[in-house]
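Visitor: The structure's right below; bear with me while I get my questions together.
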There are 2 protein chains.
Amino acid sequence: MNKVINLKSVQMSCTQCSLSQLCLPRGLDNDEFSQLDKIIKHERTLKKGEQLFELGQPFKSLYAVRSGSVKVFLPIKNGDVQVVGFHMPGELLGFDAIGHNAHTCTAVALETCNICELPSAQLHEHAQEIPGLYEHLMSLMSDEITEEHEMMLMLGRKSAEERIATFLLNLSARYSKRGFSPHKFHLTMSRNDIANYLGLAVETVSRCITHMQDEKLIEANRKYIHILDMEHLCEFVGTIDHECEMMKEGV
Amino acid sequence: MNKVINLKSVQMSCTQCSLSQLCLPRGLDNDEFSQLDKIIKHERTLKKGEQLFELGQPFKSLYAVRSGSVKVFLPIKNGDVQVVGFHMPGELLGFDAIGHNAHTCTAVALETCNICELPSAQLHEHAQEIPGLYEHLMSLMSDEITEEHEMMLMLGRKSAEERIATFLLNLSARYSKRGFSPHKFHLTMSRNDIANYLGLAVETVSRCITHMQDEKLIEANRKYIHILDMEHLCEFVGTIDHECEMMKEGV
DNA sequence: CGGCCTATTGACGCTACTCAACATGAGTGG
DNA sequence: CCACTCATGTTGAGTAGCGTCAATAGGCCG
């Protein structure tokens with residue numbers, strides 16, 4: 001019972017949120033924290049499959065994943081989509097909407113999610129009072145640009161197996177950063193989503209995963225992934241020099 | 001002689017720069033303009049092949065292309081690269097460096113370039129005095145994120161011919177926006193750069209261009225491109241509904 | 001004019017896609 | 001609790017698109 005109440009209170013304040021170091025600027029003082037808490041809405045919950053925002057929808061807020069995970073995609077002809085990213089706790093999304101004042105992609109919950117909301121109206125009003133907030137957001141957007149450059153490298157030059165390896169190691173590093181095991185984790189997205197994201201066919205993803213199991217690099221059972229041989233898996237990534245080291249460090 | 005002097009003076013001031021509406025926030029008053037002119041360095045010239053910035057280099061400035069064009073790429077193993085973008089006059093680059101305080105890619109002039117520089121130090125100092133500057137930069141970064149999402153769609157789902165068509169129409173729209181013909185233009189990048197950017201082999205690019213000529217969609221002679229049949233070329237792009245219309249409108 | 005770099009064209013092979021069958025697990029209702 | 005259905009994942013066979021290798025052509029610069 002106590003635990004439930006604690007969880008509730010944690011949800012309601014950035015100050016006590018264990019993810020604040022991931023999604024907020026560093027070095028905020030107490031005043032600034034309470035300013036933020038006034039701006040940010042902590043209430044929103046999404047069930048699996050529910051939309052957070054949709055292509056064309058006017059820009060209302062930026063969003064931070066508090067728990068659960070989110071899939072972001074571009075809708076294409078005939079109900080087909082292109083998955084452009086997955087977001088975990090502590091990650092912000094919705095930056096795509098700033099430029100056009102409307103979202104240019106759609107975000108859907110992959111599982112039950114708690115979402116914090118940073119309304120754009122309040123953002124503009126109170127930006128002055130929290131120095132470094134804009135800088136922080138720009139920093140996050142910059143990181144997103146860098147990540148997407150790496151994605152272009154992935155889709156442009158890497159083989160199917162290299163893509164899967166890179167993908168798994170990327171997830172591993174992100175789980176690790178959040179205090180979970182970098183070796184064992186559960187995928188929150190389907191093979192279909194993975195395939196789509198990596199520019200592959202579902203069958204290819206399946207085959208690669210099976211092959212990596214045969215090579216004793218990983219153990220995989222549906223959503224469950226166990227990385228057995230991080231070293232050799234890293235070698236698979238192989239295209240960029242510094243990339244592998246970054247992943248080993250869990251950056 | 002007068003012309004030369006005029007050109008010189010144009011280079012030295014945002015106020016009179018014909019590109020200011022592309023790279024600066026809208027609705028600046030004269031005070032804000034002169035503030036900007038104090039911050040921005042207008043002097044830098046690059047010859048073909050010279051670097052604007054390099055992977056790992058500390059974040060010093062954002063850059064605006066004033067004339068010429070720039071190629072941005074990730075260096076990979078063995079001197080190989082992944083081209084991640086091309087920039088034309090009026091476009092800003094260097095956003096990748098904000099997050100890490102160092103550049104995560106390299107930028108090189110494709111031809112003789114004039115570059116305006118927005119030093120990061122002054123940016124932070126004077127941001128308060130020019131309301132909307134941060135918002136504008138975030139807006140540009142947001143657009144870059146959206147464009148890279150479309151790039152992921154390109155690399156993930158589109159065929160070789162669709163990629164070439166999309167690429168040519170994208171250039172066409174950007175030239176059009178700058179007052180040049182959307183039908184006839186000169187490529188500033190090599191086939192190699194195009195192939196690399198689009199995740200294809202040079203030979204495939206060559207073959208596709210030849211094929212499009214056979215189909216009377218375009219006329220191409222090395223760097224020179226003449227789009228003969230915009231309509232049908234647009235149909236080639238085909239994957240996203242609204243994409244084609246955007247290109248026809250020259251957005 | 002000659003050498004070099006870029007672009008084009010052709011032949012061939014491989015990777016990854018498509019189509020199809022099958023397996024497995026999750027969810028539902030009796 | 002089990003049987004049924006549907007969604008998701010796996011496996012196999014055949015193929016097409018694109019990459020690779022190699023030869024040739026055309027422009028650029030010394």
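Scheme for the structure tokens: letters A, B, ... for chains in order shown; per-chain residue numbers from 1; ligand numbers from 1 in order shown.
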If you count only C-alpha atoms (C1' of nucleotides), which residues fall within 12 Å of C:DC5, apart from same-chain ones fewer than 5 positions away, as an mmCIF file with N, CA, C and O atoms (P, O5', C5', C4', C3', O3' and C1' of nucleotides), in the first residue's frame?

Guide:
data_model
loop_
_atom_site.group_PDB
_atom_site.id
_atom_site.type_symbol
_atom_site.label_atom_id
_atom_site.label_comp_id
_atom_site.auth_asym_id
_atom_site.auth_seq_id
_atom_site.Cartn_x
_atom_site.Cartn_y
_atom_site.Cartn_z
ATOM 1 N N SER B 190 28.937 14.814 -57.114
ATOM 2 C CA SER B 190 29.265 13.762 -58.078
ATOM 3 C C SER B 190 28.247 12.625 -58.000
ATOM 4 O O SER B 190 27.502 12.506 -57.033
ATOM 5 N N ASN B 192 29.008 9.675 -57.433
ATOM 6 C CA ASN B 192 29.454 8.946 -56.259
ATOM 7 C C ASN B 192 28.777 9.452 -54.992
ATOM 8 O O ASN B 192 28.297 8.664 -54.169
ATOM 9 P P DG D 26 32.435 8.622 -76.199
ATOM 10 O "O5'" DG D 26 32.528 9.798 -75.150
ATOM 11 C "C5'" DG D 26 31.585 9.862 -74.076
ATOM 12 C "C4'" DG D 26 32.096 10.813 -73.028
ATOM 13 C "C3'" DG D 26 32.685 12.120 -73.584
ATOM 14 O "O3'" DG D 26 32.077 13.201 -72.912
ATOM 15 C "C1'" DG D 26 34.188 11.116 -72.057
ATOM 16 P P DG D 27 32.181 14.653 -73.460
ATOM 17 O "O5'" DG D 27 33.011 15.377 -72.308
ATOM 18 C "C5'" DG D 27 32.393 15.553 -71.048
ATOM 19 C "C4'" DG D 27 33.400 15.860 -69.980
ATOM 20 C "C3'" DG D 27 34.116 17.206 -70.118
ATOM 21 O "O3'" DG D 27 33.979 17.866 -68.866
ATOM 22 C "C1'" DG D 27 35.684 15.455 -69.781
ATOM 23 P P DC D 28 34.361 19.355 -68.655
ATOM 24 O "O5'" DC D 28 35.754 19.259 -67.891
ATOM 25 C "C5'" DC D 28 35.825 18.483 -66.694
ATOM 26 C "C4'" DC D 28 37.240 18.526 -66.152
ATOM 27 C "C3'" DC D 28 37.948 19.862 -66.337
ATOM 28 O "O3'" DC D 28 38.594 20.193 -65.119
ATOM 29 C "C1'" DC D 28 39.250 18.137 -67.284
ATOM 30 P P DC D 29 39.144 21.659 -64.842
ATOM 31 O "O5'" DC D 29 40.702 21.410 -64.725
ATOM 32 C "C5'" DC D 29 41.170 20.300 -63.947
ATOM 33 C "C4'" DC D 29 42.635 20.068 -64.226
ATOM 34 C "C3'" DC D 29 43.422 21.357 -64.485
ATOM 35 O "O3'" DC D 29 44.629 21.327 -63.747
ATOM 36 C "C1'" DC D 29 43.743 19.825 -66.254
#

Visitor: Chain B residues within 9 Å of chain A, counting only C-alpha atoms: which ones, as a PyMOL selection string?

Guide: chain B and resi 73-77+81-84+95-101+104-105+124+128+134-146+148-153+155-157+196-200+238-241

Visitor: Name the residues in contact with stretch 25-29 of chain C at a cut-off of 12 Å, using only C-alpha atoms (C1' of nucleotides), excluding same-chain residues fewer than 3 positions from it; report them as a short mmCIF file (atom, residue, chain, number, x, y, z; two decimals) with all heavy atoms, in the first residue's frame.

Guide:
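File written: around_5.cif
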data_model
loop_
_atom_site.label_atom_id
_atom_site.label_comp_id
_atom_site.auth_asym_id
_atom_site.auth_seq_id
_atom_site.Cartn_x
_atom_site.Cartn_y
_atom_site.Cartn_z
N ASN A 221 14.02 -15.81 -27.60
CA ASN A 221 12.75 -16.52 -27.60
C ASN A 221 11.65 -15.48 -27.69
O ASN A 221 11.34 -14.81 -26.71
CB ASN A 221 12.62 -17.36 -26.33
CG ASN A 221 11.47 -18.32 -26.46
OD1 ASN A 221 10.40 -17.95 -26.93
ND2 ASN A 221 11.68 -19.56 -26.05
N ARG A 222 11.15 -15.32 -28.90
CA ARG A 222 10.15 -14.27 -29.13
C ARG A 222 10.67 -12.91 -28.67
O ARG A 222 11.71 -12.48 -29.13
CB ARG A 222 8.84 -14.62 -28.41
CG ARG A 222 8.31 -15.98 -28.81
CD ARG A 222 6.85 -15.90 -29.05
NE ARG A 222 6.46 -16.86 -30.09
CZ ARG A 222 5.43 -16.69 -30.86
NH1 ARG A 222 4.68 -15.62 -30.74
NH2 ARG A 222 5.13 -17.59 -31.77
N LYS A 223 10.00 -12.35 -27.68
CA LYS A 223 10.39 -11.00 -27.24
C LYS A 223 11.63 -11.00 -26.34
O LYS A 223 12.25 -9.96 -26.13
CB LYS A 223 9.23 -10.35 -26.45
CG LYS A 223 7.90 -10.39 -27.15
CD LYS A 223 7.71 -9.19 -28.02
CE LYS A 223 6.31 -9.19 -28.65
NZ LYS A 223 6.19 -8.21 -29.72
P DC D 1 -6.78 -25.02 -14.08
OP1 DC D 1 -5.86 -26.14 -13.99
OP2 DC D 1 -6.32 -23.68 -14.53
"O5'" DC D 1 -8.04 -25.42 -15.00
"C5'" DC D 1 -8.63 -26.70 -14.85
"C4'" DC D 1 -9.14 -27.14 -16.20
"O4'" DC D 1 -10.16 -26.18 -16.62
"C3'" DC D 1 -8.08 -27.15 -17.29
"O3'" DC D 1 -8.12 -28.39 -17.99
"C2'" DC D 1 -8.44 -26.00 -18.21
"C1'" DC D 1 -9.93 -25.81 -17.97
N1 DC D 1 -10.37 -24.38 -18.10
C2 DC D 1 -11.41 -24.07 -18.98
O2 DC D 1 -11.94 -24.96 -19.64
N3 DC D 1 -11.80 -22.77 -19.11
C4 DC D 1 -11.22 -21.83 -18.38
N4 DC D 1 -11.63 -20.57 -18.52
C5 DC D 1 -10.16 -22.13 -17.46
C6 DC D 1 -9.77 -23.40 -17.35
P DC D 2 -6.92 -28.72 -19.08
OP1 DC D 2 -6.46 -30.12 -18.87
OP2 DC D 2 -5.95 -27.61 -19.10
"O5'" DC D 2 -7.77 -28.68 -20.42
"C5'" DC D 2 -9.01 -29.40 -20.49
"C4'" DC D 2 -9.78 -28.94 -21.72
"O4'" DC D 2 -10.19 -27.57 -21.55
"C3'" DC D 2 -8.99 -29.00 -23.02
"O3'" DC D 2 -9.81 -29.57 -24.03
"C2'" DC D 2 -8.65 -27.54 -23.32
"C1'" DC D 2 -9.86 -26.83 -22.72
N1 DC D 2 -9.62 -25.43 -22.29
C2 DC D 2 -10.53 -24.42 -22.69
O2 DC D 2 -11.49 -24.72 -23.40
N3 DC D 2 -10.29 -23.15 -22.30
C4 DC D 2 -9.25 -22.86 -21.53
N4 DC D 2 -9.08 -21.59 -21.16
C5 DC D 2 -8.32 -23.85 -21.11
C6 DC D 2 -8.55 -25.11 -21.52
P DA D 3 -9.13 -30.09 -25.42
OP1 DA D 3 -9.51 -31.51 -25.62
OP2 DA D 3 -7.73 -29.67 -25.45
"O5'" DA D 3 -9.95 -29.22 -26.47
"C5'" DA D 3 -11.38 -29.20 -26.44
"C4'" DA D 3 -11.87 -28.06 -27.32
"O4'" DA D 3 -11.54 -26.80 -26.68
"C3'" DA D 3 -11.24 -28.02 -28.71
"O3'" DA D 3 -12.26 -27.70 -29.65
"C2'" DA D 3 -10.19 -26.92 -28.60
"C1'" DA D 3 -10.84 -25.98 -27.59
N9 DA D 3 -9.90 -25.19 -26.80
C8 DA D 3 -8.75 -25.60 -26.19
N7 DA D 3 -8.13 -24.66 -25.52
C5 DA D 3 -8.93 -23.55 -25.71
C6 DA D 3 -8.82 -22.21 -25.26
N6 DA D 3 -7.83 -21.79 -24.50
N1 DA D 3 -9.79 -21.34 -25.65
C2 DA D 3 -10.79 -21.80 -26.42
N3 DA D 3 -11.00 -23.02 -26.89
C4 DA D 3 -10.02 -23.85 -26.50
P DC D 4 -12.01 -27.84 -31.24
OP1 DC D 4 -13.20 -28.47 -31.83
OP2 DC D 4 -10.66 -28.37 -31.48
"O5'" DC D 4 -12.01 -26.30 -31.69
"C5'" DC D 4 -13.12 -25.47 -31.31
"C4'" DC D 4 -12.71 -24.03 -31.53
"O4'" DC D 4 -11.80 -23.61 -30.50
"C3'" DC D 4 -12.00 -23.77 -32.86
"O3'" DC D 4 -12.81 -22.93 -33.67
"C2'" DC D 4 -10.67 -23.13 -32.48
"C1'" DC D 4 -10.90 -22.67 -31.05
N1 DC D 4 -9.67 -22.67 -30.20
C2 DC D 4 -9.30 -21.51 -29.52
O2 DC D 4 -10.00 -20.49 -29.64
N3 DC D 4 -8.18 -21.52 -28.75
C4 DC D 4 -7.46 -22.64 -28.64
N4 DC D 4 -6.38 -22.60 -27.86
C5 DC D 4 -7.82 -23.83 -29.32
C6 DC D 4 -8.92 -23.82 -30.09
P DT D 5 -12.31 -22.57 -35.18
OP1 DT D 5 -13.52 -22.46 -36.03
OP2 DT D 5 -11.19 -23.45 -35.59
"O5'" DT D 5 -11.74 -21.10 -34.97
"C5'" DT D 5 -12.44 -20.18 -34.11
"C4'" DT D 5 -11.62 -18.91 -33.97
"O4'" DT D 5 -10.58 -19.12 -32.98
"C3'" DT D 5 -10.92 -18.47 -35.25
"O3'" DT D 5 -11.14 -17.09 -35.44
"C2'" DT D 5 -9.44 -18.78 -34.99
"C1'" DT D 5 -9.35 -18.64 -33.49
N1 DT D 5 -8.28 -19.45 -32.84
C2 DT D 5 -7.52 -18.87 -31.85
O2 DT D 5 -7.69 -17.73 -31.48
N3 DT D 5 -6.57 -19.69 -31.30
C4 DT D 5 -6.31 -21.01 -31.65
O4 DT D 5 -5.43 -21.64 -31.09
C5 DT D 5 -7.13 -21.55 -32.70
C7 DT D 5 -6.90 -22.97 -33.14
C6 DT D 5 -8.06 -20.76 -33.24
P DC D 6 -10.78 -16.38 -36.82
OP1 DC D 6 -11.94 -15.57 -37.24
OP2 DC D 6 -10.18 -17.37 -37.74
"O5'" DC D 6 -9.63 -15.39 -36.35
"C5'" DC D 6 -9.77 -14.69 -35.10
"C4'" DC D 6 -8.43 -14.12 -34.71
"O4'" DC D 6 -7.62 -15.15 -34.12
"C3'" DC D 6 -7.63 -13.56 -35.89
"O3'" DC D 6 -7.13 -12.28 -35.54
"C2'" DC D 6 -6.52 -14.58 -36.10
"C1'" DC D 6 -6.33 -15.12 -34.68
N1 DC D 6 -5.78 -16.49 -34.60
C2 DC D 6 -4.91 -16.82 -33.54
O2 DC D 6 -4.64 -15.95 -32.71
N3 DC D 6 -4.42 -18.07 -33.47
C4 DC D 6 -4.74 -18.97 -34.39
N4 DC D 6 -4.22 -20.20 -34.26
C5 DC D 6 -5.61 -18.67 -35.48
C6 DC D 6 -6.11 -17.42 -35.54
P DA D 7 -6.36 -11.38 -36.59
OP1 DA D 7 -7.00 -10.07 -36.62
OP2 DA D 7 -6.14 -12.15 -37.84
"O5'" DA D 7 -4.96 -11.23 -35.85
"C5'" DA D 7 -4.96 -10.94 -34.45
"C4'" DA D 7 -3.57 -11.14 -33.90
"O4'" DA D 7 -3.27 -12.56 -33.86
"C3'" DA D 7 -2.47 -10.50 -34.75
"O3'" DA D 7 -1.54 -9.85 -33.87
"C2'" DA D 7 -1.84 -11.66 -35.50
"C1'" DA D 7 -2.05 -12.82 -34.52
N9 DA D 7 -2.19 -14.12 -35.16
C8 DA D 7 -2.98 -14.47 -36.23
N7 DA D 7 -2.90 -15.73 -36.56
C5 DA D 7 -1.99 -16.26 -35.64
C6 DA D 7 -1.47 -17.55 -35.45
N6 DA D 7 -1.82 -18.60 -36.20
N1 DA D 7 -0.59 -17.73 -34.45
C2 DA D 7 -0.25 -16.68 -33.69
N3 DA D 7 -0.67 -15.42 -33.77
C4 DA D 7 -1.55 -15.27 -34.77
P DT D 8 -0.32 -9.03 -34.43
OP1 DT D 8 -0.11 -7.91 -33.50
OP2 DT D 8 -0.51 -8.81 -35.87
"O5'" DT D 8 0.89 -10.04 -34.24
"C5'" DT D 8 1.13 -10.61 -32.95
"C4'" DT D 8 2.22 -11.64 -33.09
"O4'" DT D 8 1.72 -12.80 -33.76
"C3'" DT D 8 3.43 -11.18 -33.90
"O3'" DT D 8 4.57 -11.28 -33.07
"C2'" DT D 8 3.48 -12.13 -35.09
"C1'" DT D 8 2.73 -13.34 -34.57
N1 DT D 8 2.07 -14.18 -35.60
C2 DT D 8 2.32 -15.53 -35.61
O2 DT D 8 3.08 -16.06 -34.81
N3 DT D 8 1.66 -16.24 -36.58
C4 DT D 8 0.79 -15.74 -37.52
O4 DT D 8 0.26 -16.48 -38.35
C5 DT D 8 0.55 -14.32 -37.46
C7 DT D 8 -0.38 -13.67 -38.43
C6 DT D 8 1.20 -13.62 -36.51
P DG D 9 6.02 -10.91 -33.58
OP1 DG D 9 6.77 -10.36 -32.44
OP2 DG D 9 5.88 -10.15 -34.83
"O5'" DG D 9 6.63 -12.34 -33.92
"C5'" DG D 9 6.62 -13.36 -32.92
"C4'" DG D 9 7.10 -14.64 -33.53
"O4'" DG D 9 6.12 -15.12 -34.47
"C3'" DG D 9 8.42 -14.54 -34.32
"O3'" DG D 9 9.32 -15.51 -33.80
"C2'" DG D 9 8.03 -14.84 -35.76
"C1'" DG D 9 6.78 -15.67 -35.59
N9 DG D 9 5.84 -15.62 -36.70
C8 DG D 9 5.19 -14.50 -37.20
N7 DG D 9 4.39 -14.78 -38.20
C5 DG D 9 4.52 -16.15 -38.37
C6 DG D 9 3.89 -17.00 -39.31
O6 DG D 9 3.08 -16.72 -40.18
N1 DG D 9 4.31 -18.33 -39.13
C2 DG D 9 5.21 -18.76 -38.18
N2 DG D 9 5.49 -20.07 -38.16
N3 DG D 9 5.80 -17.97 -37.30
C4 DG D 9 5.41 -16.68 -37.46
#

Visitor: Quick one: pull the distance between atom CA of B:Lys71 and atom CA of B:Glu117, Å, one decimal.

Guide: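 These two atoms are separated by 16.8 Å.
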
Visitor: Tell me the residues of chain A close to chain C, meaning within 9 Å using only C-alpha atoms (C1' of nucleotides), as a list in words.

Guide: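 Filtering chain A at 9 Å from chain C with only C-alpha atoms (C1' of nucleotides) gives Ser159, Ala160, Leu200, Ala201, Glu203 and Thr204 of chain A.
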
Visitor: How would the residues just chosen look if you wrote them out with N, CA and C atoms as a PDB file, in the first residue's frame?

Guide:
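Just written: part01.pdb:
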ATOM      1  N   SER A 159      24.505  -4.539 -43.848  1.00  0.00           N
ATOM      2  CA  SER A 159      23.794  -5.766 -44.213  1.00  0.00           C
ATOM      3  C   SER A 159      22.719  -6.058 -43.178  1.00  0.00           C
ATOM      4  N   ALA A 160      21.870  -7.005 -43.487  1.00  0.00           N
ATOM      5  CA  ALA A 160      20.770  -7.367 -42.589  1.00  0.00           C
ATOM      6  C   ALA A 160      21.297  -7.736 -41.198  1.00  0.00           C
ATOM      7  N   LEU A 200      13.941  -3.933 -43.517  1.00  0.00           N
ATOM      8  CA  LEU A 200      14.075  -5.335 -43.906  1.00  0.00           C
ATOM      9  C   LEU A 200      12.702  -5.991 -43.961  1.00  0.00           C
ATOM     10  N   ALA A 201      12.646  -7.213 -44.480  1.00  0.00           N
ATOM     11  CA  ALA A 201      11.423  -8.004 -44.416  1.00  0.00           C
ATOM     12  C   ALA A 201      11.401  -8.767 -43.100  1.00  0.00           C
ATOM     13  N   GLU A 203      10.717 -11.763 -42.491  1.00  0.00           N
ATOM     14  CA  GLU A 203      11.375 -13.069 -42.640  1.00  0.00           C
ATOM     15  C   GLU A 203      12.881 -12.946 -42.473  1.00  0.00           C
ATOM     16  N   THR A 204      13.429 -11.874 -43.005  1.00  0.00           N
ATOM     17  CA  THR A 204      14.872 -11.654 -42.897  1.00  0.00           C
ATOM     18  C   THR A 204      15.277 -11.466 -41.442  1.00  0.00           C
TER      19      THR A 204
END

Visitor: Please report as JSON lines every residue of chain D lying within 10 Å of chain B, along with the nearest atom pair and their distance in Å (one decimal), using only C-alpha atoms (C1' of nucleotides).

Guide:
{"residue": "D:DG17", "atom": "C1'", "partner": "B:Ser159", "partner_atom": "CA", "distance": 8.6}
{"residue": "D:DC18", "atom": "C1'", "partner": "B:Thr204", "partner_atom": "CA", "distance": 7.2}
{"residue": "D:DG19", "atom": "C1'", "partner": "B:Ala201", "partner_atom": "CA", "distance": 6.6}
{"residue": "D:DT20", "atom": "C1'", "partner": "B:Ala201", "partner_atom": "CA", "distance": 9.3}
{"residue": "D:DG27", "atom": "C1'", "partner": "B:Arg222", "partner_atom": "CA", "distance": 9.6}

Visitor: Determine which residues of stretch 26-236 of chain A DSSP labels as alpha helix (DSSP H) from the backbone of this structure, then write them out as a VMD selection string.

Guide: chain A and resid 30 to 39 96 to 100 120 to 126 133 to 157 160 to 177 191 to 198 202 to 214 230 to 236

Visitor: Report, in Å to a single decimal, how far apart atom CA of B:Thr112 and atom CA of B:Gln213 are.

Guide: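 A separation of 30.0 Å between them.
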
Visitor: Pick out the residues sitting within 9 Å of stretch 16-24 of chain B, and hand them over as a list in words; count only C-alpha atoms (C1' of nucleotides), and ignore anything fewer than 6 positions along from it in its own chain.

Guide: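 Result of the neighbour search: Ser9, Val10, Ala64, Arg66, Pro89, Gly90, Glu91, Leu92, Leu133, His136, Leu137, Leu140 and Arg178 of chain B.
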
Visitor: Please list as a VMD selection string every residue within 8 Å of A:Leu169, counting only C-alpha atoms (C1' of nucleotides) and excluding residues in the same chain fewer than 2 positions away.

Guide: chain A and resid 165 to 167 171 to 173 233 to 234 247

Visitor: Enumerate, as a list in words, the complete set of residues in stretch 181-244 of chain B that a backbone-based DSSP assignment places in strand (DSSP E).

Guide: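 In stretch 181-244 of chain B, DSSP puts these residues in strand (DSSP E): Lys184, Phe185, His186, Ile218, Glu219, Ala220, Asn221, Tyr224, Ile225, His226 and Ile227 of chain B.
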